[in-house]
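Data block for my_file_37.txt (compact mmCIF, C-alpha atoms):
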# COMPACT_ATOMS: atom_id res chain seq x y z
CA MET K 51 16.89 -4.78 21.19
CA LYS K 52 14.32 -3.58 18.66
CA ARG K 53 12.02 -6.28 17.33
CA ILE K 54 10.14 -5.63 14.11
CA GLU K 55 7.13 -7.77 13.29
CA ILE K 56 4.43 -7.52 10.65
CA ARG K 57 1.16 -9.15 11.64
CA PRO K 58 -2.57 -9.01 10.91
CA ALA K 59 -4.20 -6.08 12.66
CA ASP K 60 -7.57 -4.41 13.04
CA PRO K 61 -7.47 -1.06 11.21
CA GLY K 62 -10.09 0.19 13.67
CA SER K 63 -8.05 -0.39 16.82
CA PRO K 64 -7.10 2.97 18.40
CA ALA K 65 -3.36 2.93 17.61
CA ILE K 66 -3.89 1.67 14.05
CA ARG K 67 -6.82 4.03 13.43
CA ALA K 68 -4.47 6.93 14.20
CA MET K 69 -2.17 5.75 11.36
CA ILE K 70 -5.09 5.39 8.95
CA ASP K 71 -6.31 8.86 9.91
CA ALA K 72 -2.81 10.25 9.24
CA HIS K 73 -2.73 8.45 5.89
CA LEU K 74 -6.12 9.92 4.93
CA ALA K 75 -5.09 13.39 6.13
CA HIS K 76 -1.95 13.23 3.97
CA SER K 77 -4.08 12.31 0.94
CA GLN K 78 -6.49 15.15 1.63
CA GLU K 79 -3.64 17.67 2.06
CA THR K 80 -1.74 16.67 -1.08
CA THR K 81 -4.29 15.39 -3.60
CA PRO K 82 -7.25 16.98 -5.38
CA PRO K 83 -10.50 15.67 -3.82
CA ASP K 84 -11.65 13.76 -6.91
CA SER K 85 -8.29 11.96 -7.10
CA ILE K 86 -8.10 10.58 -3.54
CA HIS K 87 -8.22 6.77 -3.42
CA ALA K 88 -7.08 6.12 0.16
CA LEU K 89 -9.48 3.88 2.08
CA PRO K 90 -11.06 4.76 5.43
CA VAL K 91 -11.05 2.25 8.29
CA GLU K 92 -14.49 0.82 7.46
CA ALA K 93 -13.42 0.03 3.89
CA LEU K 94 -10.22 -1.63 5.12
CA ARG K 95 -12.39 -4.02 7.14
CA ALA K 96 -14.38 -5.11 4.07
CA PRO K 97 -14.39 -8.68 2.75
CA GLY K 98 -11.63 -9.25 0.22
CA ILE K 99 -9.16 -6.94 2.00
CA ARG K 100 -6.38 -8.25 4.24
CA PHE K 101 -4.70 -5.70 6.51
CA TRP K 102 -1.39 -5.88 8.40
CA ALA K 103 0.56 -3.52 10.63
CA LEU K 104 4.29 -3.29 11.21
CA PHE K 105 5.17 -3.17 14.90
CA GLU K 106 8.45 -2.37 16.61
CA ASN K 107 8.38 -3.71 20.16
CA ASP K 108 4.57 -3.79 19.90
CA VAL K 109 4.34 -0.13 18.83
CA PRO K 110 2.63 0.21 15.42
CA LEU K 111 4.82 2.15 12.98
CA GLY K 112 3.34 1.23 9.60
CA CYS K 113 0.66 -0.64 7.75
CA GLY K 114 -0.42 -2.03 4.41
CA ALA K 115 -3.22 -4.04 2.86
CA LEU K 116 -4.05 -6.26 -0.08
CA LYS K 117 -7.36 -6.07 -1.91
CA ASP K 118 -8.33 -9.05 -4.05
CA LEU K 119 -9.35 -7.78 -7.51
CA GLY K 120 -9.95 -11.24 -8.97
CA ASP K 121 -8.24 -12.99 -11.90
CA GLY K 122 -5.04 -13.37 -9.84
CA LEU K 123 -4.62 -9.63 -9.29
CA ALA K 124 -4.21 -8.06 -5.84
CA GLU K 125 -4.14 -4.31 -5.22
CA VAL K 126 -1.74 -2.81 -2.69
CA LYS K 127 -3.61 -0.38 -0.43
CA SER K 128 -2.87 1.88 2.53
CA VAL K 129 0.90 1.55 2.73
CA HIS K 130 1.83 4.07 5.39
CA VAL K 131 4.71 4.61 7.82
CA THR K 132 4.39 7.03 10.72
CA ARG K 133 6.25 10.29 10.23
CA ALA K 134 8.66 9.57 13.12
CA ALA K 135 9.60 6.16 11.67
CA ARG K 136 10.28 7.20 8.07
CA ARG K 137 13.62 6.83 6.28
CA ARG K 138 14.35 3.50 7.98
CA GLY K 139 13.33 1.19 5.13
CA LEU K 140 10.05 0.20 6.81
CA ALA K 141 7.90 0.92 3.74
CA ARG K 142 10.16 -1.40 1.74
CA GLN K 143 9.73 -4.09 4.40
CA ILE K 144 5.95 -3.69 4.26
CA MET K 145 5.94 -3.88 0.45
CA GLN K 146 8.15 -6.99 0.44
CA PHE K 147 5.87 -8.57 3.03
CA LEU K 148 2.77 -7.76 0.95
CA GLN K 149 4.44 -9.27 -2.11
CA SER K 150 5.21 -12.48 -0.21
CA GLN K 151 1.64 -12.66 1.13
CA ALA K 152 0.19 -12.14 -2.35
CA THR K 153 2.44 -14.85 -3.77
CA ARG K 154 1.53 -17.22 -0.94
CA ALA K 155 -2.19 -16.55 -1.61
CA GLY K 156 -1.74 -17.50 -5.28
CA HIS K 157 -1.95 -14.05 -6.83
CA THR K 158 -0.05 -13.69 -10.10
CA ALA K 159 0.37 -9.90 -10.00
CA LEU K 160 0.23 -6.88 -7.72
CA ALA K 161 -1.07 -3.50 -8.83
CA LEU K 162 -1.37 -0.13 -7.16
CA GLU K 163 -2.37 3.48 -7.66
CA THR K 164 -0.27 6.32 -6.29
CA GLY K 165 0.15 10.03 -6.94
CA SER K 166 1.61 11.03 -10.30
CA ASP K 167 4.57 13.34 -10.83
CA LEU K 168 2.07 16.23 -10.62
CA LEU K 169 2.07 15.48 -6.87
CA PRO K 170 5.68 15.76 -5.60
CA ASP K 171 4.73 14.43 -2.15
CA PHE K 172 4.49 10.99 -3.80
CA ASP K 173 8.00 11.04 -5.32
CA ALA K 174 9.45 8.76 -2.61
CA ALA K 175 6.59 6.28 -2.96
CA ARG K 176 7.00 6.10 -6.74
CA ALA K 177 10.77 5.65 -6.37
CA LEU K 178 10.22 2.81 -3.89
CA TYR K 179 7.71 1.04 -6.14
CA HIS K 180 9.98 1.34 -9.19
CA SER K 181 12.94 0.02 -7.18
CA LEU K 182 10.84 -3.04 -6.29
CA GLY K 183 10.20 -3.78 -9.96
CA PHE K 184 6.77 -2.22 -10.44
CA THR K 185 6.22 -0.87 -13.95
CA PRO K 186 3.63 1.55 -15.36
CA CYS K 187 0.34 0.13 -16.57
CA GLY K 188 -3.10 1.40 -17.48
CA PRO K 189 -5.80 2.04 -14.89
CA ILE K 190 -6.45 -0.98 -12.71
CA PRO K 191 -9.96 -2.33 -12.04
CA GLY K 192 -12.08 0.21 -10.18
CA TYR K 193 -10.15 3.26 -11.42
CA ALA K 194 -10.29 5.63 -14.37
CA ALA K 195 -7.42 7.47 -16.02
CA ASP K 196 -6.51 10.53 -13.93
CA PRO K 197 -3.62 12.96 -14.43
CA TYR K 198 -2.99 12.87 -10.67
CA SER K 199 -2.70 9.07 -10.57
CA VAL K 200 -0.10 6.65 -11.80
CA PHE K 201 -0.84 2.93 -11.99
CA LEU K 202 1.88 0.36 -11.46
CA ARG K 203 2.02 -3.42 -11.75
CA LEU K 204 4.39 -6.17 -10.63
CA SER K 205 4.24 -9.69 -12.01
CA LEU K 206 4.56 -12.35 -9.32
CA VAL K 207 5.08 -15.10 -11.88
CA THR K 208 8.64 -16.10 -12.68
CA PRO K 209 9.04 -16.42 -16.46
CA ALA K 210 9.88 -19.93 -17.65
CA ARG K 211 13.39 -20.38 -19.02

Spell out the structure here as structure tokens.
Amino acid sequence: MKRIEIRPADPGSPAIRAMIDAHLAHSQETTPPDSIHALPVEALRAPGIRFWALFENDVPLGCGALKDLGDGLAEVKSVHVTRAARRRGLARQIMQFLQSQATRAGHTALALETGSDLLPDFDAARALYHSLGFTPCGPIPGYAADPYSVFLRLSLVTPAR
């Protein structure tokens, strides 16, 4: 029986580093150099970033991170699923997990940057984020407007009735 678990992980461990390297390689292959915002392993180990990996029977198949931007805002970083494990809903599971972790930590919103419609390789990611309720917003802290980037935000606060 397959057991899926998402747990804290070291992005520098050999199996996880391979995923981060694949994530960075994808960014470098599909995105103009000045528009790449994927983080290398060392940056994912920085204070203010929490990193998790999705494991199936202890084999890492995906990952994701949250970066605290202050004022209740957390940025979603490094969501990646290995090529062999795609189309199984694992990215959705990672995103839902990140949302629950952000809520638990007291964040009031999530934000992210991903490739714009000028970069078709990011179509599936944008569709996933929209299906989870993320909506377009202006550049998030640390970013500037860029035609190759789209910025999305999700409120974690339930409106009062």

Legend entry - Counting only C-alpha atoms, the residue of K:Pro191, K:Arg154, K:Pro82, K:Ser166 that sits nearest K:Lys117: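 Comparing K:Pro191, K:Arg154, K:Pro82, K:Ser166 against K:Lys117, the winner is K:Pro191.
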
Inset, instruction - Identify the residues within 8 Å of coordinate (-0.3, -1.2, 0.3) (same frame as the file), considering only C-alpha atoms, and give the answer as a count of residues only. - result: 14

Write out as a JSON list (two decimals) with C-alpha atoms, in the frame of the given file the residues lying within 7 Å of K:Ser199, counting only C-alpha atoms and excluding same-chain residues fewer than 5 positions away.
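This went into out-v6.json:
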[["chain", "number", "residue", "atom", "x", "y", "z"],
["K", 163, "GLU", "CA", -2.37, 3.48, -7.66],
["K", 164, "THR", "CA", -0.27, 6.32, -6.29],
["K", 165, "GLY", "CA", 0.15, 10.03, -6.94],
["K", 166, "SER", "CA", 1.61, 11.03, -10.30]]

Listed atoms of stretch 149-163 of chain K boxed along x, y and z, 8 Å each side, centre and edge lengths in Å, one decimal, as lines of an AutoDock Vina configuration file:
center_x = 1.4
center_y = -7.0
center_z = -4.5
size_x = 23.6
size_y = 37.0
size_z = 27.2

With only C-alpha atoms as the counted atoms, please give the residues lying no more than 12 Å from K:Leu74, apart from itself and same-chain residues fewer than 4 positions off, as a PDB file with C-alpha atoms, in the coordinates of the input.
ATOM      1  CA  ARG K  67      -6.820   4.030  13.430  1.00  0.00           C
ATOM      2  CA  ALA K  68      -4.470   6.930  14.200  1.00  0.00           C
ATOM      3  CA  MET K  69      -2.170   5.750  11.360  1.00  0.00           C
ATOM      4  CA  ILE K  70      -5.090   5.390   8.950  1.00  0.00           C
ATOM      5  CA  GLN K  78      -6.490  15.150   1.630  1.00  0.00           C
ATOM      6  CA  GLU K  79      -3.640  17.670   2.060  1.00  0.00           C
ATOM      7  CA  THR K  80      -1.740  16.670  -1.080  1.00  0.00           C
ATOM      8  CA  THR K  81      -4.290  15.390  -3.600  1.00  0.00           C
ATOM      9  CA  PRO K  83     -10.500  15.670  -3.820  1.00  0.00           C
ATOM     10  CA  ILE K  86      -8.100  10.580  -3.540  1.00  0.00           C
ATOM     11  CA  HIS K  87      -8.220   6.770  -3.420  1.00  0.00           C
ATOM     12  CA  ALA K  88      -7.080   6.120   0.160  1.00  0.00           C
ATOM     13  CA  LEU K  89      -9.480   3.880   2.080  1.00  0.00           C
ATOM     14  CA  PRO K  90     -11.060   4.760   5.430  1.00  0.00           C
ATOM     15  CA  VAL K  91     -11.050   2.250   8.290  1.00  0.00           C
ATOM     16  CA  LYS K 127      -3.610  -0.380  -0.430  1.00  0.00           C
ATOM     17  CA  SER K 128      -2.870   1.880   2.530  1.00  0.00           C
ATOM     18  CA  VAL K 129       0.900   1.550   2.730  1.00  0.00           C
ATOM     19  CA  HIS K 130       1.830   4.070   5.390  1.00  0.00           C
TER      20      HIS K 130
END

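Proximity to K:Leu206 at 10 Å, evaluated using all atoms listed in the file and with sequence-adjacent residues fewer than 6 positions away removed, yields Gly122, Leu123, Gln149, Ser150, Ala152, Thr153, Gly156, His157, Thr158, Ala159 and Leu160 of chain K.
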
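Atom pair atom CA of K:Gln146 / atom CA of K:Leu182 has a distance of 8.3 Å (rounded to one decimal).
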
Legend entry - Minimum-distance residue to K:Tyr193, chosen among K:Gly62, K:Leu94, K:Ser85, K:Arg142 (using only C-alpha atoms): K:Ser85

Inset, instruction - Quote the spacing between atom CA of K:Cys187 and atom CA of K:Leu140 in Å to one decimal place. - result: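 Answer for the atom CA of K:Cys187 to atom CA of K:Leu140 separation: 25.3 Å.
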
Inset, instruction - Name the residues in contact with K:Glu106 at a cut-off of 8 Å, using all atoms listed in the file, excluding same-chain residues fewer than 5 positions from it; report them as a list in words. - result: Lys52, Arg53, Ile54, Glu55 and Leu111 of chain K

Legend entry - Selection: 9 Å around K:Pro186, all atoms listed in the file, excl. self and same-chain fewer than 6 positions, as an MDAnalysis selection string: chainID K and resid 180 200:203

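Distances to K:Thr132 were evaluated for K:Ala59, K:Leu168, K:Ala177, K:Val109 using only C-alpha atoms, and the minimum falls at K:Val109.
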
Legend entry - Using all atoms listed in the file: which of K:Ala96, K:Ala195, K:Ala161, K:Leu119 has the shortest distance to K:Pro61: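 Smallest separation from K:Pro61 among the options: K:Ala96.
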
Legend entry - Among the residues K:Asp60, K:Asp71, K:Asp118, K:Asp108, the one that comes closest to K:Arg95 [using all atoms listed in the file]: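 Among the listed residues, K:Asp60 lies closest to K:Arg95.
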
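The shortest atom-to-atom distance to K:Leu104, with all atoms listed in the file taken into account, belongs to K:Arg57 out of K:His76, K:Arg133, K:Arg138, K:Arg57.
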